[in-house]
file upload_15.cif (mmCIF, C-alpha atoms)
data_structure
#
loop_
_atom_site.group_PDB
_atom_site.id
_atom_site.type_symbol
_atom_site.label_atom_id
_atom_site.label_comp_id
_atom_site.auth_asym_id
_atom_site.auth_seq_id
_atom_site.Cartn_x
_atom_site.Cartn_y
_atom_site.Cartn_z
ATOM 1 C CA MET A 1359 -97.898 33.920 -23.480
ATOM 2 C CA ASP A 1360 -97.567 30.137 -23.606
ATOM 3 C CA LEU A 1361 -93.952 30.362 -22.386
ATOM 4 C CA ALA A 1362 -94.989 32.714 -19.589
ATOM 5 C CA LEU A 1363 -97.687 30.250 -18.516
ATOM 6 C CA GLN A 1364 -95.079 27.454 -18.520
ATOM 7 C CA GLU A 1365 -92.890 29.581 -16.254
ATOM 8 C CA ALA A 1366 -95.887 30.220 -13.971
ATOM 9 C CA ARG A 1367 -96.578 26.482 -13.700
ATOM 10 C CA ALA A 1368 -92.897 25.858 -12.889
ATOM 11 C CA ALA A 1369 -93.025 28.561 -10.212
ATOM 12 C CA ALA A 1370 -96.055 26.892 -8.618
ATOM 13 C CA ALA A 1371 -94.212 23.557 -8.626
ATOM 14 C CA ARG A 1372 -91.412 25.265 -6.650
ATOM 15 C CA GLY A 1373 -93.938 26.601 -4.139
ATOM 16 C CA GLU A 1374 -93.782 30.126 -5.528
ATOM 17 C CA VAL A 1375 -96.780 32.257 -6.486
ATOM 18 C CA PRO A 1376 -97.413 31.140 -10.088
ATOM 19 C CA VAL A 1377 -96.394 34.114 -12.185
ATOM 20 C CA GLY A 1378 -94.291 33.843 -15.318
ATOM 21 C CA ALA A 1379 -92.732 36.415 -17.619
ATOM 22 C CA VAL A 1380 -91.008 36.375 -21.004
ATOM 23 C CA VAL A 1381 -89.096 39.152 -22.793
ATOM 24 C CA VAL A 1382 -88.995 38.933 -26.583
ATOM 25 C CA THR A 1383 -87.422 41.107 -29.238
ATOM 26 C CA GLY A 1384 -89.600 43.046 -31.634
ATOM 27 C CA GLN A 1385 -88.960 40.226 -34.110
ATOM 28 C CA GLY A 1386 -90.259 37.631 -31.629
ATOM 29 C CA ALA A 1387 -86.995 36.031 -30.479
ATOM 30 C CA VAL A 1388 -87.039 35.062 -26.803
ATOM 31 C CA LEU A 1389 -84.384 36.937 -24.825
ATOM 32 C CA ALA A 1390 -85.315 35.795 -21.324
ATOM 33 C CA GLN A 1391 -87.975 33.973 -19.374
ATOM 34 C CA ALA A 1392 -88.524 33.589 -15.647
ATOM 35 C CA GLY A 1393 -90.977 32.668 -12.956
ATOM 36 C CA ASN A 1394 -91.315 34.043 -9.453
ATOM 37 C CA ARG A 1395 -88.437 33.102 -7.124
ATOM 38 C CA THR A 1396 -89.013 35.323 -4.093
ATOM 39 C CA ARG A 1397 -89.017 32.429 -1.616
ATOM 40 C CA GLU A 1398 -86.219 30.468 -3.248
ATOM 41 C CA LEU A 1399 -83.907 33.485 -3.406
ATOM 42 C CA CYS A 1400 -85.145 35.103 -0.165
ATOM 43 C CA ASP A 1401 -85.574 38.246 -2.252
ATOM 44 C CA PRO A 1402 -88.797 40.272 -2.273
ATOM 45 C CA THR A 1403 -87.784 41.789 -5.626
ATOM 46 C CA ALA A 1404 -87.431 38.402 -7.378
ATOM 47 C CA HIS A 1405 -90.724 38.748 -9.229
ATOM 48 C CA ALA A 1406 -90.903 37.068 -12.642
ATOM 49 C CA GLU A 1407 -90.899 40.404 -14.470
ATOM 50 C CA ILE A 1408 -87.821 41.720 -12.643
ATOM 51 C CA LEU A 1409 -85.879 38.487 -13.218
ATOM 52 C CA ALA A 1410 -86.802 38.407 -16.919
ATOM 53 C CA ILE A 1411 -85.913 42.080 -17.399
ATOM 54 C CA ARG A 1412 -82.543 41.593 -15.657
ATOM 55 C CA ALA A 1413 -81.730 38.560 -17.817
ATOM 56 C CA ALA A 1414 -82.793 40.311 -21.041
ATOM 57 C CA CYS A 1415 -80.696 43.371 -20.227
ATOM 58 C CA ALA A 1416 -77.706 41.121 -19.485
ATOM 59 C CA ALA A 1417 -78.239 39.232 -22.751
ATOM 60 C CA LEU A 1418 -78.238 42.487 -24.719
ATOM 61 C CA GLY A 1419 -75.543 44.157 -22.622
ATOM 62 C CA GLN A 1420 -77.650 47.259 -22.015
ATOM 63 C CA GLU A 1421 -80.111 48.685 -19.490
ATOM 64 C CA ARG A 1422 -82.835 49.558 -21.997
ATOM 65 C CA LEU A 1423 -85.172 47.169 -23.803
ATOM 66 C CA THR A 1424 -86.669 49.735 -26.171
ATOM 67 C CA GLU A 1425 -87.657 47.333 -28.953
ATOM 68 C CA CYS A 1426 -88.739 44.484 -26.671
ATOM 69 C CA ASP A 1427 -92.069 43.113 -25.513
ATOM 70 C CA LEU A 1428 -92.870 41.649 -22.100
ATOM 71 C CA TYR A 1429 -95.439 38.907 -21.627
ATOM 72 C CA VAL A 1430 -96.509 38.270 -18.038
ATOM 73 C CA THR A 1431 -99.285 36.081 -16.677
ATOM 74 C CA LEU A 1432 -100.455 38.532 -13.999
ATOM 75 C CA GLU A 1433 -100.900 42.293 -14.046
ATOM 76 C CA PRO A 1434 -97.592 43.736 -12.833
ATOM 77 C CA CYS A 1435 -97.398 45.165 -9.322
ATOM 78 C CA PRO A 1436 -96.282 48.785 -8.837
ATOM 79 C CA MET A 1437 -92.624 47.759 -8.376
ATOM 80 C CA CYS A 1438 -92.630 45.754 -11.612
ATOM 81 C CA ALA A 1439 -94.532 48.451 -13.502
ATOM 82 C CA ALA A 1440 -91.847 50.964 -12.514
ATOM 83 C CA ALA A 1441 -89.121 48.547 -13.684
ATOM 84 C CA ILE A 1442 -90.966 48.053 -16.991
ATOM 85 C CA SER A 1443 -91.035 51.820 -17.460
ATOM 86 C CA ASN A 1444 -87.373 52.233 -16.501
ATOM 87 C CA ALA A 1445 -86.358 49.452 -18.903
ATOM 88 C CA ARG A 1446 -88.345 51.219 -21.649
ATOM 89 C CA ILE A 1447 -90.219 48.042 -22.618
ATOM 90 C CA ALA A 1448 -92.096 48.778 -25.865
ATOM 91 C CA ARG A 1449 -95.171 46.603 -25.311
ATOM 92 C CA LEU A 1450 -96.619 44.916 -22.217
ATOM 93 C CA TYR A 1451 -98.964 41.945 -22.596
ATOM 94 C CA TYR A 1452 -100.480 40.559 -19.420
ATOM 95 C CA GLY A 1453 -103.016 37.924 -18.507
ATOM 96 C CA ALA A 1454 -105.038 38.099 -15.321
ATOM 97 C CA ALA A 1455 -105.925 41.414 -13.684
ATOM 98 C CA ASP A 1456 -104.780 41.830 -10.073
ATOM 99 C CA PRO A 1457 -107.334 43.905 -8.129
ATOM 100 C CA LYS A 1458 -105.405 43.444 -4.874
ATOM 101 C CA SER A 1459 -101.833 44.235 -5.912
ATOM 102 C CA GLY A 1460 -101.858 45.384 -9.525
ATOM 103 C CA GLY A 1461 -100.144 48.577 -10.555
ATOM 104 C CA VAL A 1462 -101.172 48.954 -14.202
ATOM 105 C CA GLY A 1463 -104.955 48.797 -14.636
ATOM 106 C CA GLN A 1464 -105.715 48.592 -10.913
ATOM 107 C CA GLY A 1465 -104.475 50.420 -7.843
ATOM 108 C CA PRO A 1466 -101.931 53.177 -8.385
ATOM 109 C CA ARG A 1467 -101.794 52.868 -12.212
ATOM 110 C CA ILE A 1468 -98.074 53.610 -12.350
ATOM 111 C CA PHE A 1469 -97.995 54.423 -16.064
ATOM 112 C CA ALA A 1470 -100.504 57.250 -15.536
ATOM 113 C CA HIS A 1471 -98.298 59.092 -13.014
ATOM 114 C CA PRO A 1472 -96.537 62.247 -14.216
ATOM 115 C CA GLN A 1473 -93.289 60.865 -12.731
ATOM 116 C CA CYS A 1474 -93.452 57.886 -15.101
ATOM 117 C CA HIS A 1475 -90.949 58.549 -17.878
ATOM 118 C CA HIS A 1476 -92.067 55.859 -20.308
ATOM 119 C CA LEU A 1477 -95.442 54.342 -21.137
ATOM 120 C CA PRO A 1478 -95.427 51.005 -22.962
ATOM 121 C CA GLU A 1479 -98.270 49.931 -25.197
ATOM 122 C CA ILE A 1480 -100.485 47.776 -22.938
ATOM 123 C CA TYR A 1481 -102.544 44.736 -23.918
ATOM 124 C CA ASP A 1482 -104.396 42.985 -21.103
ATOM 125 C CA GLY A 1483 -106.450 39.823 -20.786
ATOM 126 C CA ILE A 1484 -104.076 37.649 -22.866
ATOM 127 C CA GLY A 1485 -104.470 34.107 -21.496
ATOM 128 C CA ALA A 1486 -106.299 35.562 -18.509
ATOM 129 C CA GLY A 1487 -108.461 32.504 -17.856
ATOM 130 C CA GLU A 1488 -105.587 30.065 -17.561
ATOM 131 C CA ALA A 1489 -103.449 32.516 -15.600
ATOM 132 C CA ALA A 1490 -106.255 33.199 -13.121
ATOM 133 C CA ALA A 1491 -106.954 29.477 -12.745
ATOM 134 C CA LEU A 1492 -103.296 28.802 -11.884
ATOM 135 C CA LEU A 1493 -103.399 31.468 -9.189
ATOM 136 C CA GLN A 1494 -106.750 30.340 -7.774
ATOM 137 C CA ASP A 1495 -105.617 26.697 -7.605
ATOM 138 C CA PHE A 1496 -102.334 27.674 -5.951
ATOM 139 C CA PHE A 1497 -103.973 29.746 -3.224
ATOM 140 C CA ALA A 1498 -106.784 27.204 -2.696
ATOM 141 C CA ARG A 1499 -104.128 24.569 -1.921
ATOM 142 C CA LEU A 1500 -102.570 26.879 0.681
ATOM 143 C CA ARG A 1501 -105.825 27.297 2.574
#
call {"tool": "encode", "arguments": {"input": "upload_15.cif", "output": "structure tokens"}}
result
Amino acid sequence: MDLALQEARAAAARGEVPVGAVVVTGQGAVLAQAGNRTRELCDPTAHAEILAIRAACAALGQERLTECDLYVTLEPCPMCAAAISNARIARLYYGAADPKSGGVGQGPRIFAHPQCHHLPEIYDGIGAGEAAALLQDFFARLR
């Protein structure tokens, strides 16, 4: 989660919402890491999770990440939760809950839908305090 938090801080420094994500193998080797880049890339799908999943798939040369874990600083949104399921991520670790836009433990709970073809193991609250503080500070500066 430390690498994901570093990516979140880097995203904030770029003026992006501070969310970071890291994909690791089951043995703990880092395959990919990313922070939000929606503004920089003018791409509403350039969430940290999506960018990290794309890079990990490219690194492995496959569309499935069946033995991989994803660490992300904020509860994934519905779009990212669907991508996590489609990539067949084995385990999802996330920090802060997202009552407004979350799609895992909040809101639509994507992994609970019958149309969801894969359910990762989910571990929440990892580094939640620091992740939430980054987000609160970022949005306080915007106001």
call {"tool": "atom_distance", "arguments": {"input": "upload_15.cif", "atom1": "atom CA of A:Asp1456", "atom2": "atom CA of A:Ala1440"}}
result
16.0 Å
call {"tool": "resolve_selection", "arguments": {"input": "upload_15.cif", "expression": "the PyMOL selection byres ((chain A and resi 1365-1373) around 8)", "output": "number ranges by chain"}}
result
A: 1361-1364, 1374-1379, 1391-1395, 1431, 1492, 1496
call {"tool": "closest_residue", "arguments": {"input": "upload_15.cif", "among": "A:Ala1441, A:Leu1399, A:Cys1415, A:Leu1432", "to": "A:Gly1487", "atoms": "all atoms listed in the file"}}
result
A:Leu1432
call {"tool": "residues_around", "arguments": {"input": "upload_15.cif", "residues": "A:Thr1403", "least_positions_apart": "3", "cutoff": "12 Å", "atoms": "all atoms listed in the file", "output": "number ranges by chain"}}
result
A: 1394-1400, 1406-1412, 1435-1438, 1441
call {"tool": "atom_distance", "arguments": {"input": "upload_15.cif", "atom1": "atom CA of A:Ser1443", "atom2": "atom CA of A:Gln1494"}}
result
28.3 Å
call {"tool": "residues_around", "arguments": {"input": "upload_15.cif", "residues": "stretch 1380-1389 of chain A", "least_positions_apart": "2", "cutoff": "6 Å", "atoms": "all atoms listed in the file", "output": "number ranges by chain"}}
result
A: 1362, 1391, 1414, 1425-1429
call {"tool": "residues_around", "arguments": {"input": "upload_15.cif", "residues": "A:Tyr1452", "least_positions_apart": "6", "cutoff": "8 Å", "atoms": "all atoms listed in the file", "output": "list in words"}}
result
Tyr1429, Val1430, Thr1431, Leu1432, Glu1433, Pro1434, Tyr1481, Asp1482, Gly1483, Ile1484, Gly1485 and Ala1486 of chain A
call {"tool": "closest_residue", "arguments": {"input": "upload_15.cif", "among": "A:Ala1470, A:Ile1447, A:Ala1489, A:Ala1498", "to": "A:Asp1360", "atoms": "all atoms listed in the file"}}
result
A:Ala1489
call {"tool": "resolve_selection", "arguments": {"input": "upload_15.cif", "expression": "the PyMOL selection byres ((chain A and resi 1462) around 8)", "output": "short mmCIF file (atom, residue, chain, number, x, y, z; two decimals) with C-alpha atoms, in the coordinates of the input"}}
result
data_model
loop_
_atom_site.label_atom_id
_atom_site.label_comp_id
_atom_site.auth_asym_id
_atom_site.auth_seq_id
_atom_site.Cartn_x
_atom_site.Cartn_y
_atom_site.Cartn_z
CA GLU A 1433 -100.90 42.29 -14.05
CA PRO A 1434 -97.59 43.74 -12.83
CA CYS A 1435 -97.40 45.16 -9.32
CA PRO A 1436 -96.28 48.78 -8.84
CA ALA A 1439 -94.53 48.45 -13.50
CA GLY A 1460 -101.86 45.38 -9.52
CA GLY A 1461 -100.14 48.58 -10.56
CA GLY A 1463 -104.96 48.80 -14.64
CA GLN A 1464 -105.72 48.59 -10.91
CA GLY A 1465 -104.48 50.42 -7.84
CA PRO A 1466 -101.93 53.18 -8.38
CA ARG A 1467 -101.79 52.87 -12.21
CA ILE A 1468 -98.07 53.61 -12.35
CA PHE A 1469 -98.00 54.42 -16.06
#
